[in-house]
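Trainee: Sharing upload.txt below, compact mmCIF, C-alpha atoms and all ligand atoms:
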```
# COMPACT_ATOMS: atom_id res chain seq x y z
CA MET A 968 110.37 56.22 -123.54
CA ASN A 969 110.15 57.30 -127.13
CA PRO A 970 113.62 56.71 -128.71
CA ALA A 971 113.05 59.37 -131.37
CA LYS A 972 112.18 61.98 -128.76
CA SER A 973 114.63 64.43 -127.25
CA TYR A 974 113.88 65.56 -123.72
CA ASP A 975 114.84 68.85 -122.15
CA VAL A 976 116.46 66.92 -119.30
CA ALA A 977 117.29 63.27 -118.63
CA VAL A 978 117.74 62.55 -114.94
CA ILE A 979 119.70 59.37 -114.29
CA GLY A 980 118.98 57.90 -110.87
CA ALA A 981 115.60 57.82 -109.13
CA GLY A 982 116.81 58.05 -105.55
CA VAL A 983 115.74 60.96 -103.41
CA PHE A 984 117.97 63.50 -105.19
CA GLY A 985 117.14 62.48 -108.77
CA SER A 986 113.41 62.05 -108.14
CA TRP A 987 113.01 65.46 -106.58
CA THR A 988 115.13 67.07 -109.29
CA ALA A 989 112.98 65.49 -112.01
CA TYR A 990 109.79 66.51 -110.21
CA VAL A 991 110.84 70.16 -109.76
CA LEU A 992 112.13 70.42 -113.34
CA ARG A 993 108.83 69.12 -114.67
CA LYS A 994 106.88 71.55 -112.49
CA SER A 995 108.87 74.37 -114.04
CA GLY A 996 107.81 73.24 -117.51
CA ALA A 997 110.71 71.04 -118.71
CA SER A 998 110.14 67.74 -120.49
CA VAL A 999 111.89 65.18 -118.31
CA LEU A 1000 112.93 61.55 -118.57
CA LEU A 1001 113.79 59.84 -115.27
CA VAL A 1002 115.77 56.62 -115.50
CA ASP A 1003 116.91 54.10 -112.92
CA ALA A 1004 118.92 50.91 -113.27
CA TYR A 1005 117.11 49.06 -110.47
CA GLY A 1006 113.92 51.06 -109.88
CA PRO A 1007 113.00 54.07 -107.74
CA SER A 1008 114.33 53.77 -104.20
CA ASN A 1009 115.40 50.18 -104.79
CA ALA A 1010 116.84 47.94 -102.07
CA ARG A 1011 120.45 48.69 -103.10
CA ALA A 1012 119.98 52.47 -103.26
CA SER A 1013 120.97 54.77 -100.42
CA SER A 1014 117.37 56.03 -100.41
CA GLY A 1015 116.03 52.49 -100.16
CA GLY A 1016 115.75 52.22 -96.36
CA GLU A 1017 112.50 52.17 -94.40
CA SER A 1018 113.06 55.43 -92.57
CA ARG A 1019 115.28 58.51 -92.43
CA ILE A 1020 115.55 61.29 -89.85
CA ILE A 1021 114.60 64.84 -90.72
CA ARG A 1022 116.09 67.28 -88.21
CA MET A 1023 116.98 70.94 -88.32
CA GLY A 1024 120.04 70.96 -86.04
CA TYR A 1025 123.31 70.86 -87.96
CA GLY A 1026 126.00 72.22 -85.67
CA PRO A 1027 127.50 75.30 -87.34
CA SER A 1028 126.28 74.41 -90.87
CA GLU A 1029 123.61 77.03 -91.39
CA ILE A 1030 123.00 76.05 -95.00
CA TYR A 1031 121.82 72.55 -94.01
CA THR A 1032 119.60 73.90 -91.23
CA ARG A 1033 117.96 76.22 -93.74
CA TRP A 1034 117.67 73.49 -96.40
CA SER A 1035 116.08 71.17 -93.86
CA MET A 1036 113.63 73.84 -92.74
CA ARG A 1037 112.69 74.42 -96.37
CA ALA A 1038 112.42 70.69 -97.10
CA LEU A 1039 110.03 69.59 -94.37
CA PRO A 1040 106.96 71.53 -95.53
CA LEU A 1041 107.69 70.50 -99.13
CA TRP A 1042 107.73 66.85 -98.09
CA GLN A 1043 104.51 67.32 -96.16
CA HIS A 1044 102.87 69.05 -99.10
CA LEU A 1045 103.81 66.24 -101.44
CA PHE A 1046 102.56 63.59 -99.01
CA ALA A 1047 99.27 65.46 -98.66
CA GLU A 1048 98.97 65.63 -102.47
CA THR A 1049 99.46 61.88 -102.75
CA GLY A 1050 97.09 61.15 -99.86
CA GLN A 1051 99.86 59.67 -97.68
CA PRO A 1052 100.43 62.19 -94.86
CA ARG A 1053 101.83 59.49 -92.57
CA LEU A 1054 104.96 59.18 -94.69
CA PHE A 1055 106.16 61.89 -92.31
CA GLN A 1056 106.02 60.87 -88.64
CA ARG A 1057 106.33 63.80 -86.28
CA THR A 1058 108.19 61.96 -83.55
CA GLY A 1059 110.24 64.95 -82.40
CA VAL A 1060 114.04 64.67 -82.47
CA LEU A 1061 116.03 64.56 -79.25
CA TRP A 1062 119.70 65.49 -79.34
CA MET A 1063 121.73 64.07 -76.45
CA MET A 1064 124.37 66.74 -75.88
CA TYR A 1065 127.34 66.98 -73.52
CA GLY A 1066 128.89 69.81 -71.50
CA ASP A 1067 130.22 72.63 -73.66
CA ASP A 1068 130.76 70.54 -76.77
CA PRO A 1069 131.24 73.06 -79.65
CA TYR A 1070 128.92 71.20 -82.06
CA ALA A 1071 126.17 71.24 -79.42
CA LEU A 1072 126.56 74.95 -78.73
CA ALA A 1073 126.68 75.73 -82.44
CA THR A 1074 123.51 73.70 -82.98
CA LEU A 1075 121.71 75.76 -80.36
CA ALA A 1076 122.95 79.05 -81.80
CA ASN A 1077 122.06 78.06 -85.34
CA LEU A 1078 118.56 76.86 -84.51
CA GLN A 1079 117.99 80.14 -82.73
CA LYS A 1080 119.40 82.22 -85.58
CA CYS A 1081 117.34 80.41 -88.21
CA GLY A 1082 114.15 80.59 -86.16
CA SER A 1083 113.65 76.84 -85.90
CA LYS A 1084 111.53 75.66 -83.00
CA PHE A 1085 113.41 73.83 -80.24
CA GLU A 1086 113.58 73.42 -76.50
CA LYS A 1087 116.73 73.11 -74.42
CA LEU A 1088 116.45 70.49 -71.69
CA SER A 1089 118.52 70.20 -68.52
CA LEU A 1090 119.68 66.84 -67.22
CA ALA A 1091 116.86 66.86 -64.65
CA GLU A 1092 114.30 67.57 -67.37
CA LEU A 1093 115.73 64.83 -69.58
CA ARG A 1094 115.52 62.33 -66.76
CA SER A 1095 112.00 63.24 -65.80
CA ARG A 1096 110.70 63.25 -69.40
CA TYR A 1097 112.51 60.20 -70.68
CA GLY A 1098 112.80 57.74 -67.82
CA GLN A 1099 113.42 54.90 -70.31
CA ILE A 1100 116.75 56.46 -71.41
CA VAL A 1101 119.96 56.49 -69.35
CA PHE A 1102 121.63 59.94 -69.50
CA ASP A 1103 125.22 60.62 -68.43
CA GLU A 1104 125.97 63.13 -65.66
CA ASN A 1105 127.16 65.97 -67.94
CA SER A 1106 124.29 65.59 -70.43
CA TRP A 1107 121.74 68.07 -71.58
CA GLY A 1108 119.36 67.97 -74.50
CA ILE A 1109 117.73 69.74 -77.37
CA ILE A 1110 114.32 68.62 -78.52
CA GLU A 1111 113.05 69.63 -81.96
CA PRO A 1112 109.33 69.05 -81.53
CA ALA A 1113 108.32 69.48 -85.19
CA SER A 1114 111.01 67.19 -86.65
CA GLY A 1115 110.79 63.45 -87.08
CA VAL A 1116 111.01 60.62 -89.57
CA LEU A 1117 110.40 60.25 -93.31
CA LEU A 1118 109.34 56.79 -94.46
CA ALA A 1119 112.08 56.87 -97.04
CA ARG A 1120 111.48 54.18 -99.64
CA ARG A 1121 107.77 54.94 -99.90
CA ALA A 1122 108.45 58.69 -99.80
CA VAL A 1123 110.66 58.50 -102.90
CA GLN A 1124 108.12 56.31 -104.64
CA ALA A 1125 105.50 58.97 -103.85
CA VAL A 1126 107.72 61.63 -105.46
CA VAL A 1127 108.13 59.50 -108.60
CA GLU A 1128 104.40 58.76 -108.72
CA GLN A 1129 103.60 62.45 -108.46
CA ALA A 1130 106.28 63.36 -111.02
CA ARG A 1131 104.81 60.86 -113.48
CA LYS A 1132 101.35 62.30 -112.96
CA LEU A 1133 102.75 65.67 -113.98
CA GLY A 1134 104.26 64.18 -117.12
CA VAL A 1135 107.76 62.97 -116.20
CA GLU A 1136 108.47 59.82 -118.19
CA TYR A 1137 110.05 57.05 -116.13
CA ARG A 1138 112.12 54.23 -117.53
CA ASP A 1139 114.06 51.26 -116.05
CA ALA A 1140 117.50 51.33 -117.70
CA ALA A 1141 121.18 51.45 -116.78
CA ILE A 1142 122.96 54.39 -118.40
CA LEU A 1143 126.59 54.58 -119.46
CA ALA A 1144 128.61 57.75 -118.99
CA PRO A 1145 128.80 59.94 -122.09
CA THR A 1146 132.01 59.79 -124.07
CA GLY A 1147 134.04 62.58 -125.62
CA GLU A 1148 133.77 66.15 -124.44
CA GLY A 1149 131.97 69.42 -125.09
CA ARG A 1150 128.24 68.84 -125.48
CA ALA A 1151 126.82 65.38 -124.88
CA THR A 1152 124.22 64.74 -127.61
CA ALA A 1153 123.05 61.37 -126.32
CA VAL A 1154 123.79 58.71 -123.72
CA SER A 1155 123.48 54.95 -124.17
CA THR A 1156 121.78 52.34 -122.05
CA THR A 1157 123.68 49.13 -121.30
CA SER A 1158 121.45 47.41 -123.83
CA GLY A 1159 122.51 49.79 -126.57
CA GLU A 1160 119.56 52.19 -126.81
CA ARG A 1161 120.25 55.91 -127.14
CA ILE A 1162 118.66 58.58 -125.00
CA SER A 1163 118.78 62.14 -126.18
CA ALA A 1164 118.29 65.24 -124.02
CA GLY A 1165 119.40 68.84 -123.81
CA THR A 1166 120.89 68.29 -120.35
CA TYR A 1167 121.82 65.17 -118.39
CA VAL A 1168 121.71 65.02 -114.60
CA PHE A 1169 123.54 62.06 -113.12
CA ALA A 1170 122.10 61.57 -109.61
CA CYS A 1171 123.57 58.13 -109.14
CA GLY A 1172 124.28 58.26 -105.39
CA PRO A 1173 126.94 55.71 -104.38
CA TRP A 1174 127.29 54.64 -108.03
CA LEU A 1175 128.67 58.01 -109.15
CA PRO A 1176 132.30 56.89 -108.62
CA GLN A 1177 131.71 53.86 -110.87
CA VAL A 1178 129.89 55.80 -113.57
CA PHE A 1179 132.57 58.53 -113.65
CA PRO A 1180 135.72 56.85 -112.28
CA ASP A 1181 138.06 59.51 -113.63
CA VAL A 1182 136.16 62.49 -112.22
CA VAL A 1183 134.37 61.19 -109.10
CA GLY A 1184 136.20 57.92 -108.43
CA SER A 1185 138.47 59.34 -105.76
CA ARG A 1186 136.03 61.93 -104.42
CA ILE A 1187 133.03 59.94 -103.20
CA PHE A 1188 133.57 57.15 -100.70
CA PRO A 1189 130.69 54.66 -100.40
CA THR A 1190 130.78 52.98 -96.98
CA ARG A 1191 128.87 50.03 -95.55
CA GLN A 1192 126.33 50.98 -92.89
CA GLU A 1193 124.27 48.55 -90.82
CA VAL A 1194 120.89 49.20 -89.26
CA PHE A 1195 119.13 47.09 -86.61
CA PHE A 1196 115.51 46.97 -85.55
CA PHE A 1197 114.81 45.55 -82.09
CA GLY A 1198 111.37 44.23 -81.17
CA VAL A 1199 109.92 46.13 -78.21
CA PRO A 1200 108.52 44.12 -75.27
CA ALA A 1201 104.86 43.14 -75.67
CA GLY A 1202 102.49 45.92 -74.67
CA ASP A 1203 105.36 48.24 -73.69
CA THR A 1204 104.66 51.79 -74.91
CA ARG A 1205 107.90 53.36 -73.64
CA PHE A 1206 109.66 52.85 -76.97
CA THR A 1207 106.94 54.03 -79.32
CA GLN A 1208 105.53 57.49 -79.97
CA PRO A 1209 104.70 59.71 -78.16
CA ALA A 1210 106.85 58.48 -75.23
CA MET A 1211 109.96 57.90 -77.34
CA PRO A 1212 111.29 60.51 -79.76
CA THR A 1213 113.80 59.97 -82.51
CA TRP A 1214 117.22 60.51 -80.92
CA ILE A 1215 120.77 61.37 -81.93
CA ASN A 1216 123.89 60.93 -79.83
CA LEU A 1217 126.86 62.15 -81.89
CA HIS A 1218 129.22 61.62 -78.97
CA ASP A 1219 128.44 57.89 -78.98
CA GLU A 1220 128.01 57.88 -82.81
CA TYR A 1221 124.61 56.17 -82.49
CA TYR A 1222 121.16 57.35 -83.52
CA GLY A 1223 117.77 55.75 -83.60
CA MET A 1224 114.05 56.11 -83.70
CA PRO A 1225 110.99 54.76 -81.94
CA ASP A 1226 109.09 51.70 -83.03
CA ILE A 1227 107.31 53.03 -86.14
CA GLU A 1228 104.59 51.00 -87.84
CA SER A 1229 105.46 48.20 -85.38
CA ARG A 1230 108.69 47.36 -87.22
CA GLY A 1231 110.89 47.69 -84.17
CA PHE A 1232 113.09 50.21 -82.37
CA LYS A 1233 115.68 51.32 -84.92
CA ILE A 1234 119.31 51.85 -84.00
CA ALA A 1235 122.34 52.51 -86.21
CA PHE A 1236 126.03 53.27 -85.80
CA ASP A 1237 126.87 56.48 -87.64
CA ARG A 1238 130.65 55.95 -87.94
CA HIS A 1239 131.69 55.25 -91.52
CA GLY A 1240 132.04 51.53 -92.17
CA GLU A 1241 134.29 49.74 -94.62
CA ALA A 1242 134.36 50.63 -98.33
CA ALA A 1243 131.30 49.22 -100.07
CA ASP A 1244 130.20 48.41 -103.61
CA PRO A 1245 126.46 49.23 -103.89
CA ASP A 1246 125.91 46.52 -106.53
CA THR A 1247 127.53 43.63 -104.77
CA GLN A 1248 128.03 44.27 -101.06
CA SER A 1249 126.40 41.73 -98.75
CA ARG A 1250 123.11 42.93 -97.33
CA ILE A 1251 123.39 40.53 -94.40
CA ALA A 1252 124.20 42.41 -91.21
CA SER A 1253 127.26 41.27 -89.26
CA THR A 1254 127.07 39.50 -85.90
CA GLU A 1255 129.67 42.02 -84.61
CA GLY A 1256 127.40 44.92 -85.60
CA ALA A 1257 124.40 43.28 -83.93
CA ALA A 1258 126.39 42.62 -80.75
CA ALA A 1259 127.64 46.21 -80.61
CA ALA A 1260 124.13 47.58 -81.16
CA ARG A 1261 122.76 45.36 -78.39
CA GLN A 1262 125.50 46.41 -76.01
CA TYR A 1263 124.73 50.06 -76.69
CA LEU A 1264 121.02 49.44 -76.30
CA ALA A 1265 121.57 47.77 -72.95
CA SER A 1266 123.59 50.72 -71.67
CA ARG A 1267 121.33 53.52 -72.90
CA PHE A 1268 117.89 51.84 -73.13
CA PRO A 1269 118.04 49.08 -70.49
CA GLY A 1270 114.38 48.16 -71.00
CA LEU A 1271 115.44 46.79 -74.40
CA LYS A 1272 118.50 44.83 -73.30
CA ASP A 1273 116.91 41.48 -74.12
CA ALA A 1274 114.89 42.66 -77.12
CA PRO A 1275 115.23 40.42 -80.17
CA VAL A 1276 116.50 41.72 -83.50
CA VAL A 1277 113.39 41.69 -85.71
CA GLU A 1278 114.88 43.17 -88.86
CA THR A 1279 118.21 44.37 -90.22
CA ARG A 1280 119.28 46.44 -93.19
CA VAL A 1281 122.62 47.12 -94.83
CA CYS A 1282 122.99 50.27 -96.87
CA GLN A 1283 125.80 52.59 -97.89
CA TYR A 1284 126.60 56.22 -97.28
CA GLU A 1285 128.07 58.01 -100.30
CA ASN A 1286 130.49 60.32 -98.52
CA THR A 1287 132.27 63.27 -99.97
CA SER A 1288 135.54 64.21 -98.30
CA ASN A 1289 133.87 66.43 -95.70
CA GLY A 1290 130.15 65.67 -96.05
CA ASP A 1291 129.12 68.60 -98.23
CA PHE A 1292 126.98 67.64 -101.21
CA LEU A 1293 128.18 67.56 -104.80
CA VAL A 1294 126.26 69.58 -107.39
CA ASP A 1295 128.43 70.63 -110.27
CA LYS A 1296 128.98 70.26 -113.95
CA HIS A 1297 131.09 67.46 -115.31
CA PRO A 1298 134.40 69.19 -116.11
CA ARG A 1299 134.44 67.90 -119.72
CA PHE A 1300 130.78 68.46 -120.64
CA GLN A 1301 128.78 71.67 -120.79
CA ASN A 1302 125.46 69.87 -120.33
CA VAL A 1303 126.19 67.06 -117.86
CA TRP A 1304 125.57 67.61 -114.14
CA LEU A 1305 126.72 65.51 -111.21
CA VAL A 1306 124.37 65.50 -108.22
CA GLY A 1307 125.13 63.43 -105.13
CA GLY A 1308 127.40 63.06 -102.14
CA GLY A 1309 124.50 62.79 -99.68
CA SER A 1310 127.12 61.63 -97.13
CA GLY A 1311 124.73 59.92 -94.71
CA HIS A 1312 122.57 63.02 -94.21
CA GLY A 1313 121.13 63.78 -97.63
CA PHE A 1314 117.69 62.22 -97.55
CA LYS A 1315 115.82 64.90 -95.65
CA HIS A 1316 117.10 67.51 -98.11
CA GLY A 1317 115.54 65.88 -101.18
CA PRO A 1318 113.08 68.73 -101.88
CA SER A 1319 115.70 71.43 -101.33
CA MET A 1320 118.16 69.57 -103.51
CA GLY A 1321 115.47 69.22 -106.17
CA GLU A 1322 114.89 72.97 -106.17
CA TYR A 1323 118.59 73.78 -106.10
CA ALA A 1324 119.67 71.32 -108.80
CA ALA A 1325 116.74 72.24 -111.06
CA ASP A 1326 117.67 75.88 -110.72
CA CYS A 1327 121.32 75.17 -111.59
CA VAL A 1328 120.21 73.23 -114.67
CA LYS A 1329 117.68 75.80 -115.84
CA ASN A 1330 120.07 78.71 -115.40
CA ASP A 1331 123.09 76.70 -116.52
CA LYS A 1332 124.96 78.00 -113.51
CA VAL A 1333 126.76 76.60 -110.45
CA LYS A 1334 125.71 78.65 -107.44
CA GLU A 1335 126.95 77.26 -104.12
CA PRO A 1336 130.74 76.84 -103.86
CA LEU A 1337 130.35 74.34 -100.99
CA PHE A 1338 128.85 71.89 -103.48
CA SER A 1339 131.49 72.28 -106.18
CA LEU A 1340 133.60 69.43 -107.47
CA ALA A 1341 136.72 71.47 -106.73
CA THR A 1342 135.99 71.37 -102.99
CA LYS A 1343 135.74 67.57 -102.98
CA ALA A 1344 139.09 66.25 -101.81
CA ALA A 1345 140.49 62.77 -102.26
CA ILE A 1346 141.04 62.32 -98.52
CA GLN A 1347 138.15 61.90 -96.10
CA LYS A 1348 137.87 64.41 -93.29
CA ARG A 1349 134.29 64.45 -92.11
CA ALA A 1350 133.08 67.85 -91.00
CA VAL A 1351 129.32 67.80 -91.62
CA TYR A 1352 127.19 65.69 -89.25
C1 LIG B 1 121.85 53.58 -93.23
C2 LIG B 1 121.62 54.97 -93.72
C3 LIG B 1 121.00 55.88 -92.88
C4 LIG B 1 120.78 57.19 -93.31
N1 LIG B 1 120.12 58.03 -92.49
C5 LIG B 1 119.76 59.25 -92.93
C6 LIG B 1 118.92 60.06 -92.14
O1 LIG B 1 118.49 59.65 -91.05
N2 LIG B 1 118.58 61.28 -92.62
C7 LIG B 1 119.01 61.73 -93.82
O2 LIG B 1 118.67 62.85 -94.18
N3 LIG B 1 119.82 60.97 -94.60
C8 LIG B 1 120.18 59.75 -94.20
N4 LIG B 1 120.95 58.92 -94.97
C9 LIG B 1 121.51 59.45 -96.24
C10 LIG B 1 120.53 59.40 -97.39
O3 LIG B 1 119.73 58.25 -97.34
C11 LIG B 1 121.30 59.50 -98.71
O4 LIG B 1 122.17 60.61 -98.67
C12 LIG B 1 120.35 59.67 -99.89
O5 LIG B 1 119.35 58.69 -99.87
C13 LIG B 1 121.14 59.61 -101.20
O6 LIG B 1 120.22 59.69 -102.26
P1 LIG B 1 120.71 59.68 -103.76
O7 LIG B 1 119.50 59.95 -104.58
O8 LIG B 1 121.89 60.54 -103.94
O9 LIG B 1 121.25 58.18 -104.01
P2 LIG B 1 120.46 56.81 -104.19
O10 LIG B 1 119.27 56.73 -103.34
O11 LIG B 1 121.45 55.69 -104.05
O12 LIG B 1 119.96 56.86 -105.68
C14 LIG B 1 120.81 56.68 -106.78
C15 LIG B 1 120.05 55.92 -107.83
O13 LIG B 1 120.80 55.89 -109.04
C16 LIG B 1 120.56 54.67 -109.70
N5 LIG B 1 121.68 54.47 -110.62
C17 LIG B 1 122.99 54.36 -110.30
N6 LIG B 1 123.73 54.23 -111.41
C18 LIG B 1 122.86 54.26 -112.45
C19 LIG B 1 123.03 54.14 -113.86
N7 LIG B 1 124.25 54.01 -114.43
N8 LIG B 1 121.92 54.20 -114.64
C20 LIG B 1 120.70 54.34 -114.09
N9 LIG B 1 120.49 54.43 -112.76
C21 LIG B 1 121.57 54.39 -111.96
C22 LIG B 1 120.50 53.67 -108.55
O14 LIG B 1 119.80 52.50 -108.91
C23 LIG B 1 119.78 54.46 -107.46
O15 LIG B 1 118.40 54.21 -107.45
C24 LIG B 1 121.21 57.60 -94.59
C25 LIG B 1 121.83 56.70 -95.43
C26 LIG B 1 122.02 55.39 -95.02
C27 LIG B 1 122.66 54.42 -95.95
```
As structure tokens, please, write out the structure in this file.
Ligand SMILES: Cc1cc2nc3c(=O)[nH]c(=O)nc-3n(C[C@H](O)[C@H](O)[C@H](O)COP(=O)(O)OP(=O)(O)OC[C@H]3O[C@@H](n4cnc5c(N)ncnc54)[C@H](O)[C@@H]3O)c2cc1C

Mentor:
Amino acid sequence: MNPAKSYDVAVIGAGVFGSWTAYVLRKSGASVLLVDAYGPSNARASSGGESRIIRMGYGPSEIYTRWSMRALPLWQHLFAETGQPRLFQRTGVLWMMYGDDPYALATLANLQKCGSKFEKLSLAELRSRYGQIVFDENSWGIIEPASGVLLARRAVQAVVEQARKLGVEYRDAAILAPTGEGRATAVSTTSGERISAGTYVFACGPWLPQVFPDVVGSRIFPTRQEVFFFGVPAGDTRFTQPAMPTWINLHDEYYGMPDIESRGFKIAFDRHGEAADPDTQSRIASTEGAAAARQYLASRFPGLKDAPVVETRVCQYENTSNGDFLVDKHPRFQNVWLVGGGSGHGFKHGPSMGEYAADCVKNDKVKEPLFSLATKAAIQKRAVY
């Protein structure tokens, strides 16, 4: 970073949202500084996990289906550009649905309306295709054959690498919130340096409430989330691709993915955990969480009932009140944007968020009311899954 230089935009936070925003802004001609306190897609960041699901189904939320459909080819294009096409793994995504559950029916209708490819599977078809999974009597399924898994940490690093190649300057630094009101002329690092830009985008994920306690403090709820990887039995191909797809069971609140890159069969509990501080929370998974995951595994994937835990991760969701993202201006500054609230489902949307946030910044205009600060309540009532 050149301290005398003023950038068009300084993006603070090199997680999936900030990295894509910086990349898209640079592509549109802006001079961009990207800054992160701990490094792109670091181990504390919400984007720092090994893998994240990209799926098109979103119940009744058409906007997220469309964003996801837009994002997947952009991810694939970027991976091709960086020579790493396997950062997307086309595992297919299997939804385990039940009876006439409204979310399930809305997912079907929405996929159809948006023209996303899917197949509806009866219980008999589920059982014959996936003999390694136990399905309940009133189950049916949706398979999204073109969806799958993004290798998250490396994917974000690929975005940053590509952004730097295009001229984005990257810097390790922790940034303090601007003071005063009106137009922010500069922001300071914790070591006292000044960074000057025309516009500031704070894409600080679960740190947003700490950076802006007065504005975001009561509107984003970071929660502890544990992830377990179970080692598949030696030589057993039932839990790897192509036999095993990525799967989601919202009824049980579990989701998981096949053994990718031989790291183990991933399983995670989607219910929001306890409140978490992204700087200091323990990254050691709980024995209760491991026991619950094993119990679930034994009931749904009995071939893995004795599988050992080979890896664990602890991360945090950064939930808004209902799960809709936050992209809005800071109420006291004309040139400070807040971008976040990924709410446990944001990763896949990185490219769409990059395009959307860059457009808001360039046109100095808030577009989508769903993402406004005003819609972010202080009480959690999850509606987006
Ligand atoms: C266990 C788990 C599973 C998930 N599964 C999925 C999934 O399957 N599919 C999906 O689409 N999404 C999923 N998500 C959600 C998704 O990962 C997040 O929504 C997304 O990664 C959030 O990205 P972000 O850029 O907003 O935040 P982050 O990745 O946390 O990035 C914020 C960055 O800001 C930096 N920062 C913070 N404060 C400052 C400061 N003051 N100065 C400088 N830098 C700062 C941090 O170091 C960090 O790198 C999951 C999340 C978790 C935790």

Trainee: Tell me which protein, DNA and RNA residues are within 7 Å of range 1292-1305 of chain A, counting all atoms listed in the file, leaving out same-chain ones fewer than 2 positions away, and put them as JSON, numbers by chain.

Mentor: {"A": [1148, 1149, 1150, 1151, 1166, 1167, 1168, 1169, 1170, 1287, 1290, 1307, 1308, 1309, 1324, 1333, 1338, 1339, 1340]}

Trainee: For a cutoff of 10 Å around the file-coordinate point (104.5, 62.7, -109.9), which residues qualify once you count only C-alpha atoms? I'd like the result as number ranges by chain.

Mentor: A: 986-987, 989-991, 993-994, 1045, 1048-1049, 1124-1136

Trainee: When you count all atoms listed in the file, which of these residues is closest to ligand LIG 1 (chain B): A:Phe1232, A:Phe1055, A:Phe1268, A:Tyr1222?

Mentor: A:Tyr1222

Trainee: Which residues are near range 1278-1286 of chain A? Cut-off 7 Å, only C-alpha atoms, ignore same chain within fewer than 5 positions. Put them as an MDAnalysis selection string.

Mentor: chainID A and resid 1011 1013 1172:1173 1187:1196 1243 1245 1250:1252 1308:1311

Trainee: Could you please determine the separation between CA of Lys1233 in chain A and CA of Trp1214 in chain A in Å, to one decimal place?

Mentor: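 These two atoms are separated by 10.1 Å.
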
Trainee: From the set A:Met1036, A:Leu1175, A:Val1123, A:Ile1215, which residue has the shortest atom-to-atom contact distance to Phe984 in chain A, counting all atoms listed in the file?

Mentor: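 The closest residue to Phe984 in chain A is A:Val1123.
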
Trainee: Which of these, A:Gly1050, A:Gly1198, A:Gly1317, A:Pro1180, has the shortest distance to ligand LIG 1 (chain B) once you count only C-alpha atoms and all ligand atoms?

Mentor: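 Using only C-alpha atoms and all ligand atoms, ligand LIG 1 (chain B) sits closest to A:Gly1317.
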
Trainee: Export range 1180-1193 of chain A, N, CA and C atoms, as a short mmCIF file (atom, residue, chain, number, x, y, z; two decimals), in the first residue's frame; it's the structure right above.

Mentor:
```
data_model
loop_
_atom_site.label_atom_id
_atom_site.label_comp_id
_atom_site.auth_asym_id
_atom_site.auth_seq_id
_atom_site.Cartn_x
_atom_site.Cartn_y
_atom_site.Cartn_z
N PRO A 1180 -20.48 -1.37 16.53
CA PRO A 1180 -21.40 -1.86 17.56
C PRO A 1180 -22.71 -1.08 17.61
N ASP A 1181 -22.65 0.21 17.35
CA ASP A 1181 -23.87 1.02 17.47
C ASP A 1181 -24.86 0.73 16.33
N VAL A 1182 -24.36 0.42 15.16
CA VAL A 1182 -25.23 0.26 13.99
C VAL A 1182 -25.58 -1.21 13.72
N VAL A 1183 -24.58 -2.09 13.87
CA VAL A 1183 -24.79 -3.49 13.51
C VAL A 1183 -24.83 -4.40 14.73
N GLY A 1184 -24.35 -3.88 15.86
CA GLY A 1184 -24.19 -4.70 17.06
C GLY A 1184 -25.37 -5.58 17.41
N SER A 1185 -26.58 -5.04 17.25
CA SER A 1185 -27.75 -5.84 17.65
C SER A 1185 -28.44 -6.44 16.43
N ARG A 1186 -27.81 -6.38 15.26
CA ARG A 1186 -28.50 -6.84 14.05
C ARG A 1186 -27.82 -8.00 13.35
N ILE A 1187 -26.61 -8.34 13.76
CA ILE A 1187 -25.97 -9.55 13.23
C ILE A 1187 -25.56 -10.40 14.42
N PHE A 1188 -25.91 -11.68 14.34
CA PHE A 1188 -25.74 -12.59 15.47
C PHE A 1188 -24.75 -13.70 15.07
N PRO A 1189 -23.48 -13.57 15.41
CA PRO A 1189 -22.55 -14.65 15.09
C PRO A 1189 -22.79 -15.85 16.00
N THR A 1190 -22.92 -17.03 15.42
CA THR A 1190 -23.18 -18.24 16.22
C THR A 1190 -22.13 -19.31 15.92
N ARG A 1191 -21.82 -20.08 16.94
CA ARG A 1191 -20.82 -21.16 16.83
C ARG A 1191 -21.40 -22.34 16.05
N GLN A 1192 -20.66 -22.81 15.06
CA GLN A 1192 -21.11 -23.94 14.25
C GLN A 1192 -19.98 -24.96 14.14
N GLU A 1193 -20.32 -26.22 14.40
CA GLU A 1193 -19.30 -27.27 14.38
C GLU A 1193 -19.48 -28.18 13.16
#
```
